[in-house]
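A.B. asks: I'd like to ask you about the structure that follows.
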Amino acid sequence: MTGLRPFALQVRSSAGLYGADRVVLALNRALDRGGARGRLLSINNYRMHEQALHDTASASGHDAVLLPWRGRVDATTIGALAAQIGAARSRTGTPPVVHVHDYKSAFYAWLATRREHHAGMPAPLVATLHGWVEGSTALRLYTRLELALLRRFDALVVVSEEQIGRLARAGVPRSRIRHIDNGIDCPTRDEAAAAALRMQLGLSADARVFSAIARLSSEKNLAMLLRSFAPVAARHPDPVLLLVGDGPERDELEGLARTLELGERVRFLGMRHDMPAIHTLTDHLVLPSLTEGMPLVVLEAMACEVPVIASAVGDIPRLLERSAHGRTVPPGDAAALEAALESALAAPRARDIAARDHVRERHGAQAMAAEYVALYRDLLERRHARRAS
């Protein structure tokens, strides 16, 4: 098995193109140079008009397949995934690694690999835990069910240290837990596009731009950001807040902005495909989340030299320790966030060169892929050794 080139099936059920989706894309793209092959299997979401992850992967030249799903426990999804596993095994002579990225893909991957035990060397199962969202009773139930299922997986990858304790409490042996930092295809600044965007938005050269780039959902805590920004905007004529993204709380947040009489001081930009321009235009990224793992938006902002103001959750404090201008605030502390915004305005504009250098050195997609390829090889070699014995 020495020198083995693993075949990894990345499986993801996606409702958009958010941080975890971009991690999956970056990993799948980087595997080839890292000594493995990757295929991206997206589980169709029939409730969505577009399949953003699959469509983006296909347009970017990935080896990508859209798996069917018609709701609930769909036998066609199990069969289609099992067929992909079988085809990969036939092509390479060894089982693929099935690498899942959410609770639905974990459920279907486990069912699909149960059909495989007659093969004598079933496909190893790996799950990356991008973070838990537990804003409702249903989501908390899904998390409990996911943790029970993941105890059966060969390896669980966490993206922040604090996830390890929760897995251990759920009964996952420490030997099956790996910590692999998220990696990104590092963006670069685009000054020309930023200047055009500033003009399009009607922002003066003096306008200080705070940007929150996130799914508009409860765990991102953007309502608190609006309430913290309102008194800052009342005291200063220049700051503007851009909310970039979409999600279930958009109507509520737009209503709150009207109630706070923020007017043009807050702009809801929706989903964007010009993120280098957004980052270059931004003076400070603001992420007031109540929960995170290792958020890609922080890595991307750091890569573009943008100072970050963020809640001290997940691995954000560890990231910002390597920056020159980043700062954290206690999660849920509106007064601390307001003070951080005020302090940012009082300081001269600055680029965070130290943050950029750290991300490029330690959090590139290729560094992430190398760690995953090592994990895949380890799992396959252990399977082979058990079979041989």
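The way I read the labels, and the way they are meant: chains A, B, ... in the order of the structure tokens, residue 1 as the first residue of every chain, and ligand 1 as the first ligand shown, with later ones counted on from there.
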Mind checking which residues fall within 12 Å of A:Ala36, counting only C-alpha atoms, ignoring those fewer than 6 positions away in the same chain, and posting them as number ranges by chain?
C.D. replies: A: 3-9, 27-30, 92, 96-97, 366, 369-377
A.B. asks: Run DSSP on the backbone and grab whatever in stretch 16-262 of chain A lands in helix (DSSP H, G or I); send it over as a short mmCIF file (atom, residue, chain, number, x, y, z; two decimals) with N, CA and C atoms, in the first residue's frame.
C.D. replies:
data_model
loop_
_atom_site.label_atom_id
_atom_site.label_comp_id
_atom_site.auth_asym_id
_atom_site.auth_seq_id
_atom_site.Cartn_x
_atom_site.Cartn_y
_atom_site.Cartn_z
N GLY A 19 -19.38 28.81 3.96
CA GLY A 19 -18.01 28.51 4.32
C GLY A 19 -17.63 27.05 4.14
N ALA A 20 -18.45 26.13 4.66
CA ALA A 20 -18.12 24.71 4.55
C ALA A 20 -18.09 24.27 3.10
N ASP A 21 -18.98 24.81 2.29
CA ASP A 21 -19.00 24.45 0.87
C ASP A 21 -17.71 24.88 0.18
N ARG A 22 -17.21 26.05 0.54
CA ARG A 22 -15.98 26.53 -0.07
C ARG A 22 -14.77 25.71 0.39
N VAL A 23 -14.81 25.21 1.64
CA VAL A 23 -13.76 24.29 2.10
C VAL A 23 -13.76 23.03 1.25
N VAL A 24 -14.95 22.49 1.02
CA VAL A 24 -15.05 21.25 0.23
C VAL A 24 -14.51 21.47 -1.18
N LEU A 25 -14.87 22.59 -1.79
CA LEU A 25 -14.37 22.89 -3.13
C LEU A 25 -12.85 23.01 -3.13
N ALA A 26 -12.31 23.74 -2.16
CA ALA A 26 -10.86 23.93 -2.09
C ALA A 26 -10.15 22.60 -1.89
N LEU A 27 -10.70 21.75 -1.01
CA LEU A 27 -10.08 20.45 -0.76
C LEU A 27 -10.13 19.57 -2.00
N ASN A 28 -11.30 19.48 -2.63
CA ASN A 28 -11.43 18.61 -3.79
C ASN A 28 -10.48 19.04 -4.91
N ARG A 29 -10.31 20.35 -5.07
CA ARG A 29 -9.42 20.88 -6.11
C ARG A 29 -7.95 20.57 -5.78
N ALA A 30 -7.60 20.62 -4.50
CA ALA A 30 -6.19 20.48 -4.10
C ALA A 30 -5.74 19.03 -3.97
N LEU A 31 -6.67 18.08 -3.93
CA LEU A 31 -6.29 16.69 -3.68
C LEU A 31 -5.35 16.15 -4.75
N ASP A 32 -5.59 16.52 -6.00
CA ASP A 32 -4.80 15.95 -7.09
C ASP A 32 -3.32 16.26 -6.91
N ARG A 33 -3.00 17.51 -6.59
CA ARG A 33 -1.60 17.86 -6.37
C ARG A 33 -1.07 17.28 -5.07
N GLY A 34 -1.99 16.88 -4.17
CA GLY A 34 -1.58 16.32 -2.89
C GLY A 34 -1.39 14.82 -2.90
N ALA A 52 -26.15 25.13 -5.79
CA ALA A 52 -25.01 26.05 -5.90
C ALA A 52 -23.68 25.32 -5.83
N LEU A 53 -23.54 24.37 -4.92
CA LEU A 53 -22.26 23.68 -4.78
C LEU A 53 -21.94 22.87 -6.03
N HIS A 54 -22.90 22.07 -6.47
CA HIS A 54 -22.66 21.24 -7.66
C HIS A 54 -22.45 22.11 -8.90
N ASP A 55 -23.27 23.13 -9.05
CA ASP A 55 -23.15 23.99 -10.23
C ASP A 55 -21.80 24.69 -10.27
N THR A 56 -21.34 25.18 -9.11
CA THR A 56 -20.04 25.85 -9.05
C THR A 56 -18.91 24.87 -9.34
N ALA A 57 -19.01 23.68 -8.75
CA ALA A 57 -17.98 22.66 -8.98
C ALA A 57 -17.91 22.27 -10.45
N SER A 58 -19.05 22.04 -11.06
CA SER A 58 -19.08 21.64 -12.46
C SER A 58 -18.50 22.73 -13.35
N ALA A 59 -18.90 23.98 -13.08
CA ALA A 59 -18.42 25.10 -13.90
C ALA A 59 -16.92 25.31 -13.72
N ALA A 75 -34.27 5.74 -0.88
CA ALA A 75 -33.47 4.57 -1.28
C ALA A 75 -32.67 4.86 -2.54
N THR A 76 -33.16 5.76 -3.41
CA THR A 76 -32.40 6.06 -4.63
C THR A 76 -31.10 6.78 -4.30
N THR A 77 -31.11 7.58 -3.24
CA THR A 77 -29.88 8.25 -2.81
C THR A 77 -28.87 7.22 -2.32
N ILE A 78 -29.34 6.28 -1.51
CA ILE A 78 -28.46 5.23 -1.01
C ILE A 78 -27.87 4.44 -2.17
N GLY A 79 -28.73 4.06 -3.12
CA GLY A 79 -28.27 3.27 -4.25
C GLY A 79 -27.28 4.03 -5.12
N ALA A 80 -27.54 5.31 -5.36
CA ALA A 80 -26.65 6.10 -6.20
C ALA A 80 -25.28 6.27 -5.54
N LEU A 81 -25.27 6.48 -4.22
CA LEU A 81 -24.00 6.63 -3.52
C LEU A 81 -23.25 5.30 -3.48
N ALA A 82 -23.97 4.21 -3.24
CA ALA A 82 -23.34 2.89 -3.25
C ALA A 82 -22.74 2.59 -4.62
N ALA A 83 -23.43 3.01 -5.69
CA ALA A 83 -22.91 2.79 -7.04
C ALA A 83 -21.62 3.58 -7.26
N GLN A 84 -21.54 4.80 -6.73
CA GLN A 84 -20.32 5.59 -6.85
C GLN A 84 -19.16 4.92 -6.10
N ILE A 85 -19.45 4.38 -4.94
CA ILE A 85 -18.42 3.67 -4.17
C ILE A 85 -17.93 2.45 -4.95
N GLY A 86 -18.88 1.69 -5.49
CA GLY A 86 -18.51 0.50 -6.25
C GLY A 86 -17.71 0.83 -7.50
N ALA A 87 -18.10 1.89 -8.20
CA ALA A 87 -17.38 2.27 -9.42
C ALA A 87 -15.96 2.70 -9.10
N ALA A 88 -15.79 3.42 -8.01
CA ALA A 88 -14.44 3.85 -7.62
C ALA A 88 -13.58 2.65 -7.25
N ARG A 89 -14.18 1.68 -6.55
CA ARG A 89 -13.44 0.47 -6.18
C ARG A 89 -13.01 -0.30 -7.43
N SER A 90 -13.92 -0.42 -8.39
CA SER A 90 -13.59 -1.16 -9.60
C SER A 90 -12.48 -0.48 -10.38
N ARG A 91 -12.49 0.85 -10.37
CA ARG A 91 -11.52 1.61 -11.16
C ARG A 91 -10.12 1.51 -10.58
N THR A 92 -10.00 1.54 -9.26
CA THR A 92 -8.68 1.61 -8.62
C THR A 92 -8.22 0.30 -8.01
N TYR A 103 -24.59 16.29 8.39
CA TYR A 103 -25.29 15.15 8.98
C TYR A 103 -26.05 14.33 7.95
N LYS A 104 -26.62 14.97 6.92
CA LYS A 104 -27.38 14.20 5.92
C LYS A 104 -26.44 13.32 5.11
N SER A 105 -25.31 13.86 4.69
CA SER A 105 -24.37 13.03 3.92
C SER A 105 -23.79 11.92 4.80
N ALA A 106 -23.61 12.18 6.09
CA ALA A 106 -23.13 11.13 6.99
C ALA A 106 -24.13 9.99 7.06
N PHE A 107 -25.41 10.32 7.16
CA PHE A 107 -26.46 9.32 7.26
C PHE A 107 -26.49 8.45 6.00
N TYR A 108 -26.48 9.08 4.83
CA TYR A 108 -26.55 8.31 3.59
C TYR A 108 -25.27 7.54 3.32
N ALA A 109 -24.13 8.09 3.68
CA ALA A 109 -22.87 7.37 3.49
C ALA A 109 -22.83 6.12 4.36
N TRP A 110 -23.29 6.24 5.59
CA TRP A 110 -23.28 5.07 6.47
C TRP A 110 -24.19 3.98 5.91
N LEU A 111 -25.39 4.35 5.44
CA LEU A 111 -26.29 3.35 4.87
C LEU A 111 -25.70 2.73 3.61
N ALA A 112 -25.08 3.55 2.76
CA ALA A 112 -24.52 3.03 1.51
C ALA A 112 -23.38 2.07 1.77
N THR A 113 -22.54 2.35 2.75
CA THR A 113 -21.41 1.47 3.01
C THR A 113 -21.83 0.20 3.74
N ARG A 114 -23.03 0.18 4.35
CA ARG A 114 -23.50 -1.07 4.98
C ARG A 114 -23.70 -2.14 3.91
N HIS A 117 -20.25 -4.61 3.06
CA HIS A 117 -19.45 -5.46 3.94
C HIS A 117 -19.09 -6.79 3.30
N HIS A 118 -19.90 -7.23 2.34
CA HIS A 118 -19.56 -8.48 1.66
C HIS A 118 -18.28 -8.37 0.84
N ALA A 119 -17.85 -7.13 0.55
CA ALA A 119 -16.64 -6.93 -0.25
C ALA A 119 -15.38 -7.26 0.53
N THR A 137 -35.08 23.39 18.27
CA THR A 137 -35.20 22.05 18.82
C THR A 137 -34.86 21.00 17.78
N ALA A 138 -35.31 21.20 16.54
CA ALA A 138 -35.02 20.24 15.48
C ALA A 138 -33.53 20.13 15.22
N LEU A 139 -32.83 21.27 15.17
CA LEU A 139 -31.40 21.24 14.91
C LEU A 139 -30.63 20.60 16.05
N ARG A 140 -31.08 20.82 17.28
CA ARG A 140 -30.42 20.16 18.42
C ARG A 140 -30.62 18.64 18.35
N LEU A 141 -31.80 18.21 17.89
CA LEU A 141 -32.06 16.78 17.73
C LEU A 141 -31.16 16.21 16.64
N TYR A 142 -31.03 16.91 15.52
CA TYR A 142 -30.16 16.45 14.44
C TYR A 142 -28.72 16.29 14.93
N THR A 143 -28.27 17.23 15.76
CA THR A 143 -26.90 17.15 16.27
C THR A 143 -26.72 15.91 17.14
N ARG A 144 -27.69 15.62 18.01
CA ARG A 144 -27.59 14.43 18.86
C ARG A 144 -27.58 13.16 18.02
N LEU A 145 -28.43 13.12 16.99
CA LEU A 145 -28.46 11.94 16.12
C LEU A 145 -27.16 11.81 15.34
N GLU A 146 -26.64 12.94 14.89
CA GLU A 146 -25.38 12.91 14.15
C GLU A 146 -24.25 12.38 15.02
N LEU A 147 -24.17 12.87 16.26
CA LEU A 147 -23.10 12.41 17.15
C LEU A 147 -23.20 10.92 17.42
N ALA A 148 -24.43 10.42 17.56
CA ALA A 148 -24.60 8.97 17.77
C ALA A 148 -24.12 8.19 16.55
N LEU A 149 -24.43 8.68 15.35
CA LEU A 149 -24.01 8.01 14.13
C LEU A 149 -22.51 8.08 13.93
N LEU A 150 -21.91 9.23 14.24
CA LEU A 150 -20.49 9.42 13.97
C LEU A 150 -19.60 8.53 14.83
N GLU A 162 -12.02 23.13 20.39
CA GLU A 162 -13.12 22.98 21.34
C GLU A 162 -14.09 21.87 20.93
N GLN A 163 -14.06 21.45 19.67
CA GLN A 163 -14.94 20.36 19.24
C GLN A 163 -14.51 19.02 19.81
N ILE A 164 -13.24 18.89 20.16
CA ILE A 164 -12.73 17.59 20.60
C ILE A 164 -13.43 17.13 21.86
N GLY A 165 -13.58 18.04 22.83
CA GLY A 165 -14.22 17.67 24.09
C GLY A 165 -15.64 17.19 23.89
N ARG A 166 -16.37 17.83 23.01
CA ARG A 166 -17.76 17.42 22.79
C ARG A 166 -17.82 16.02 22.19
N LEU A 167 -16.93 15.72 21.24
CA LEU A 167 -16.91 14.38 20.67
C LEU A 167 -16.54 13.34 21.72
N ALA A 168 -15.57 13.67 22.57
CA ALA A 168 -15.17 12.72 23.61
C ALA A 168 -16.34 12.46 24.56
N ARG A 169 -17.09 13.52 24.90
CA ARG A 169 -18.25 13.34 25.78
C ARG A 169 -19.34 12.52 25.11
N ARG A 174 -10.70 9.07 21.47
CA ARG A 174 -9.78 10.14 21.07
C ARG A 174 -8.91 9.72 19.90
N SER A 175 -8.63 8.43 19.79
CA SER A 175 -7.76 7.95 18.71
C SER A 175 -8.39 8.13 17.33
N ARG A 176 -9.70 8.32 17.29
CA ARG A 176 -10.37 8.49 15.98
C ARG A 176 -10.58 9.96 15.62
N GLU A 191 -7.83 46.10 -6.14
CA GLU A 191 -8.05 47.52 -5.90
C GLU A 191 -8.96 48.15 -6.96
N ALA A 192 -8.80 47.76 -8.22
CA ALA A 192 -9.63 48.35 -9.28
C ALA A 192 -11.09 47.98 -9.09
N ALA A 193 -11.36 46.71 -8.78
CA ALA A 193 -12.74 46.28 -8.57
C ALA A 193 -13.34 46.93 -7.33
N ALA A 194 -12.52 47.12 -6.29
CA ALA A 194 -13.00 47.78 -5.08
C ALA A 194 -13.36 49.23 -5.35
N ALA A 195 -12.55 49.92 -6.14
CA ALA A 195 -12.84 51.32 -6.47
C ALA A 195 -14.14 51.42 -7.26
N ALA A 196 -14.36 50.47 -8.19
CA ALA A 196 -15.60 50.47 -8.97
C ALA A 196 -16.80 50.18 -8.07
N LEU A 197 -16.63 49.27 -7.12
CA LEU A 197 -17.72 48.94 -6.20
C LEU A 197 -18.03 50.12 -5.28
N ARG A 198 -17.00 50.81 -4.81
CA ARG A 198 -17.22 51.99 -3.96
C ARG A 198 -18.05 53.03 -4.71
N MET A 199 -17.74 53.22 -5.98
CA MET A 199 -18.50 54.18 -6.79
C MET A 199 -19.93 53.69 -7.00
N GLN A 200 -20.08 52.40 -7.28
CA GLN A 200 -21.41 51.82 -7.49
C GLN A 200 -22.29 52.00 -6.26
N LEU A 201 -21.71 51.83 -5.07
CA LEU A 201 -22.47 51.95 -3.83
C LEU A 201 -22.62 53.39 -3.38
N SER A 218 -29.55 33.01 12.83
CA SER A 218 -29.49 33.43 14.24
C SER A 218 -28.12 33.25 14.86
N GLU A 219 -27.40 32.17 14.51
CA GLU A 219 -26.11 31.92 15.17
C GLU A 219 -25.06 32.96 14.80
N LYS A 220 -25.28 33.72 13.72
CA LYS A 220 -24.33 34.76 13.33
C LYS A 220 -24.53 36.04 14.14
N LEU A 222 -26.34 38.77 13.99
CA LEU A 222 -26.23 40.04 13.27
C LEU A 222 -27.18 41.09 13.81
N ALA A 223 -28.24 40.69 14.48
CA ALA A 223 -29.12 41.68 15.11
C ALA A 223 -28.35 42.46 16.17
N MET A 224 -27.50 41.78 16.93
CA MET A 224 -26.69 42.48 17.93
C MET A 224 -25.72 43.44 17.24
N LEU A 225 -25.19 43.03 16.09
CA LEU A 225 -24.29 43.93 15.36
C LEU A 225 -25.02 45.21 14.95
N LEU A 226 -26.24 45.09 14.45
CA LEU A 226 -26.98 46.29 14.08
C LEU A 226 -27.21 47.19 15.28
N ARG A 227 -27.55 46.59 16.42
CA ARG A 227 -27.80 47.40 17.62
C ARG A 227 -26.51 48.04 18.14
N SER A 228 -25.38 47.37 17.96
CA SER A 228 -24.10 47.94 18.39
C SER A 228 -23.63 49.01 17.42
N PHE A 229 -23.94 48.84 16.15
CA PHE A 229 -23.50 49.80 15.14
C PHE A 229 -24.31 51.09 15.19
N ALA A 230 -25.59 51.01 15.56
CA ALA A 230 -26.48 52.18 15.50
C ALA A 230 -25.93 53.36 16.30
N PRO A 231 -25.52 53.21 17.57
CA PRO A 231 -25.00 54.39 18.29
C PRO A 231 -23.67 54.88 17.72
N VAL A 232 -22.87 53.98 17.16
CA VAL A 232 -21.61 54.40 16.54
C VAL A 232 -21.91 55.26 15.31
N ALA A 233 -22.87 54.81 14.50
CA ALA A 233 -23.26 55.58 13.32
C ALA A 233 -23.84 56.94 13.70
N ALA A 234 -24.54 57.00 14.84
CA ALA A 234 -25.12 58.27 15.28
C ALA A 234 -24.04 59.27 15.70
N ARG A 235 -22.90 58.76 16.18
CA ARG A 235 -21.83 59.65 16.64
C ARG A 235 -20.87 60.06 15.52
N ARG A 250 -33.13 37.53 6.94
CA ARG A 250 -32.94 38.78 6.19
C ARG A 250 -34.08 39.77 6.41
N ASP A 251 -35.33 39.32 6.28
CA ASP A 251 -36.46 40.24 6.46
C ASP A 251 -36.44 40.86 7.85
N GLU A 252 -36.18 40.03 8.86
CA GLU A 252 -36.15 40.52 10.25
C GLU A 252 -35.04 41.55 10.44
N LEU A 253 -33.88 41.29 9.86
CA LEU A 253 -32.75 42.22 10.01
C LEU A 253 -33.01 43.52 9.26
N GLU A 254 -33.61 43.44 8.10
CA GLU A 254 -33.95 44.67 7.38
C GLU A 254 -34.96 45.49 8.16
N GLY A 255 -35.92 44.81 8.80
CA GLY A 255 -36.88 45.52 9.65
C GLY A 255 -36.22 46.18 10.84
N LEU A 256 -35.27 45.49 11.46
CA LEU A 256 -34.55 46.06 12.59
C LEU A 256 -33.75 47.29 12.15
N ALA A 257 -33.12 47.22 10.99
CA ALA A 257 -32.35 48.37 10.49
C ALA A 257 -33.27 49.58 10.29
N ARG A 258 -34.50 49.34 9.82
CA ARG A 258 -35.45 50.45 9.67
C ARG A 258 -35.85 50.99 11.03
N THR A 259 -36.10 50.11 11.99
CA THR A 259 -36.47 50.54 13.33
C THR A 259 -35.37 51.39 13.96
#
A.B. asks: In Å, with one decimal, what is the gap from atom CA of A:His236 to atom CA of A:Ala339?
C.D. replies: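 Answer for the atom CA of A:His236 to atom CA of A:Ala339 separation: 13.5 Å.
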A.B. asks: If you run DSSP on this backbone, which residues of stretch 29-263 of chain A come out as strand (DSSP E or B), and could you give them as a VMD selection string?
C.D. replies: chain A and resid 37 to 43 64 to 67 97 to 100 125 to 129 155 to 158 177 to 179 184 209 to 213 240 to 244
A.B. asks: Since we have the selection now, will you write its residues out, keeping N, CA, C and O atoms, as a short mmCIF file (atom, residue, chain, number, x, y, z; two decimals), in the first residue's frame?
C.D. replies:
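Done, and the output landed in out07.cif:
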data_model
loop_
_atom_site.label_atom_id
_atom_site.label_comp_id
_atom_site.auth_asym_id
_atom_site.auth_seq_id
_atom_site.Cartn_x
_atom_site.Cartn_y
_atom_site.Cartn_z
N ARG A 37 -7.00 11.40 -5.56
CA ARG A 37 -8.02 11.81 -6.51
C ARG A 37 -9.28 12.16 -5.74
O ARG A 37 -9.58 11.55 -4.71
N GLY A 38 -10.02 13.13 -6.24
CA GLY A 38 -11.24 13.54 -5.56
C GLY A 38 -12.41 13.61 -6.51
O GLY A 38 -12.26 13.97 -7.68
N ARG A 39 -13.56 13.24 -6.03
CA ARG A 39 -14.82 13.42 -6.76
C ARG A 39 -15.82 14.02 -5.78
O ARG A 39 -15.95 13.55 -4.63
N LEU A 40 -16.51 15.06 -6.20
CA LEU A 40 -17.45 15.75 -5.34
C LEU A 40 -18.87 15.26 -5.64
O LEU A 40 -19.37 15.43 -6.76
N LEU A 41 -19.50 14.66 -4.65
CA LEU A 41 -20.87 14.17 -4.77
C LEU A 41 -21.79 15.09 -3.97
O LEU A 41 -21.71 15.12 -2.74
N SER A 42 -22.62 15.84 -4.64
CA SER A 42 -23.57 16.75 -3.98
C SER A 42 -24.93 16.08 -3.94
O SER A 42 -25.41 15.57 -4.96
N ILE A 43 -25.55 16.08 -2.77
CA ILE A 43 -26.90 15.52 -2.64
C ILE A 43 -27.90 16.59 -3.06
O ILE A 43 -27.93 17.69 -2.50
N ALA A 64 -17.50 16.13 -10.67
CA ALA A 64 -18.65 16.39 -9.79
C ALA A 64 -19.87 15.62 -10.27
O ALA A 64 -20.14 15.54 -11.47
N VAL A 65 -20.60 15.06 -9.32
CA VAL A 65 -21.81 14.29 -9.60
C VAL A 65 -22.92 14.77 -8.67
O VAL A 65 -22.67 14.98 -7.47
N LEU A 66 -24.13 14.93 -9.19
CA LEU A 66 -25.28 15.30 -8.38
C LEU A 66 -26.08 14.04 -8.06
O LEU A 66 -26.58 13.36 -8.96
N LEU A 67 -26.17 13.70 -6.78
CA LEU A 67 -26.93 12.52 -6.35
C LEU A 67 -28.40 12.89 -6.18
O LEU A 67 -28.72 13.97 -5.69
N VAL A 97 -12.16 6.32 -0.10
CA VAL A 97 -12.51 6.91 1.19
C VAL A 97 -13.77 7.75 0.98
O VAL A 97 -13.82 8.56 0.06
N VAL A 98 -14.78 7.52 1.80
CA VAL A 98 -16.01 8.30 1.72
C VAL A 98 -15.93 9.38 2.79
O VAL A 98 -15.93 9.09 3.99
N HIS A 99 -15.84 10.62 2.34
CA HIS A 99 -15.57 11.76 3.23
C HIS A 99 -16.79 12.67 3.23
O HIS A 99 -17.09 13.31 2.22
N VAL A 100 -17.50 12.74 4.35
CA VAL A 100 -18.75 13.48 4.41
C VAL A 100 -18.56 14.79 5.16
O VAL A 100 -17.63 14.95 5.95
N LEU A 125 -14.88 5.49 6.35
CA LEU A 125 -15.77 6.65 6.49
C LEU A 125 -15.07 7.74 7.30
O LEU A 125 -14.60 7.50 8.42
N VAL A 126 -15.01 8.93 6.73
CA VAL A 126 -14.42 10.10 7.38
C VAL A 126 -15.46 11.21 7.39
O VAL A 126 -16.18 11.40 6.40
N ALA A 127 -15.58 11.92 8.49
CA ALA A 127 -16.49 13.07 8.57
C ALA A 127 -15.71 14.27 9.06
O ALA A 127 -14.95 14.18 10.03
N THR A 128 -15.89 15.39 8.38
CA THR A 128 -15.36 16.66 8.88
C THR A 128 -16.51 17.42 9.52
O THR A 128 -17.57 17.60 8.92
N LEU A 129 -16.28 17.86 10.75
CA LEU A 129 -17.30 18.59 11.51
C LEU A 129 -17.01 20.08 11.39
O LEU A 129 -16.10 20.61 12.02
N ALA A 155 -12.92 7.89 11.19
CA ALA A 155 -12.18 9.08 11.62
C ALA A 155 -13.10 10.29 11.58
O ALA A 155 -13.92 10.43 10.66
N LEU A 156 -12.96 11.14 12.58
CA LEU A 156 -13.71 12.39 12.64
C LEU A 156 -12.70 13.54 12.69
O LEU A 156 -11.79 13.54 13.51
N VAL A 157 -12.88 14.48 11.78
CA VAL A 157 -11.96 15.62 11.70
C VAL A 157 -12.65 16.84 12.27
O VAL A 157 -13.78 17.18 11.86
N VAL A 158 -11.99 17.49 13.20
CA VAL A 158 -12.50 18.74 13.75
C VAL A 158 -11.68 19.89 13.20
O VAL A 158 -10.51 19.72 12.83
N ILE A 177 -10.16 10.87 16.49
CA ILE A 177 -10.37 12.31 16.25
C ILE A 177 -9.08 12.94 15.73
O ILE A 177 -8.01 12.75 16.31
N ARG A 178 -9.18 13.66 14.64
CA ARG A 178 -8.05 14.40 14.08
C ARG A 178 -8.42 15.88 14.01
O ARG A 178 -9.56 16.23 13.72
N HIS A 179 -7.45 16.73 14.25
CA HIS A 179 -7.64 18.17 14.10
C HIS A 179 -6.90 18.61 12.84
O HIS A 179 -5.67 18.52 12.77
N ILE A 184 -7.86 27.40 2.47
CA ILE A 184 -8.57 28.15 1.44
C ILE A 184 -7.68 28.35 0.22
O ILE A 184 -6.47 28.27 0.30
N VAL A 209 -15.62 51.46 6.09
CA VAL A 209 -16.52 50.36 5.74
C VAL A 209 -16.30 49.18 6.68
O VAL A 209 -15.21 48.60 6.73
N PHE A 210 -17.35 48.84 7.44
CA PHE A 210 -17.40 47.59 8.19
C PHE A 210 -18.22 46.60 7.35
O PHE A 210 -19.27 46.97 6.82
N SER A 211 -17.75 45.37 7.25
CA SER A 211 -18.49 44.36 6.50
C SER A 211 -18.73 43.14 7.38
O SER A 211 -17.81 42.67 8.07
N ALA A 212 -19.97 42.64 7.36
CA ALA A 212 -20.30 41.36 7.97
C ALA A 212 -20.65 40.42 6.82
O ALA A 212 -21.61 40.67 6.09
N ILE A 213 -19.86 39.40 6.64
CA ILE A 213 -20.04 38.46 5.53
C ILE A 213 -20.45 37.13 6.14
O ILE A 213 -19.63 36.44 6.76
N VAL A 240 -20.02 52.97 7.44
CA VAL A 240 -21.08 52.26 6.73
C VAL A 240 -20.91 50.78 7.03
O VAL A 240 -19.78 50.28 7.13
N LEU A 241 -22.03 50.07 7.18
CA LEU A 241 -22.00 48.63 7.44
C LEU A 241 -22.60 47.90 6.25
O LEU A 241 -23.74 48.15 5.85
N LEU A 242 -21.82 46.99 5.66
CA LEU A 242 -22.29 46.14 4.57
C LEU A 242 -22.61 44.76 5.13
O LEU A 242 -21.76 44.15 5.79
N LEU A 243 -23.81 44.28 4.89
CA LEU A 243 -24.18 42.91 5.23
C LEU A 243 -24.21 42.10 3.94
O LEU A 243 -25.05 42.34 3.07
N VAL A 244 -23.27 41.18 3.84
CA VAL A 244 -23.07 40.41 2.61
C VAL A 244 -23.50 38.97 2.89
O VAL A 244 -22.92 38.29 3.73
#
A.B. asks: By how many Å are atom CA of A:Ala367 and atom CA of A:His62 apart?
C.D. replies: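 Answer for the atom CA of A:Ala367 to atom CA of A:His62 separation: 19.2 Å.
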A.B. asks: Return the single residue from A:Arg12, A:His130, A:Arg362, A:His384 that is closest to A:Pro95, with distances computed using only C-alpha atoms.
C.D. replies: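 Among the listed residues, the smallest separation from A:Pro95 belongs to A:His384.
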A.B. asks: Could you check which of A:Gly270, A:Pro122, A:Pro248, A:Pro187 is closest to A:Met302, using only C-alpha atoms?
C.D. replies: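 Closest to A:Met302, using only C-alpha atoms: A:Pro187.
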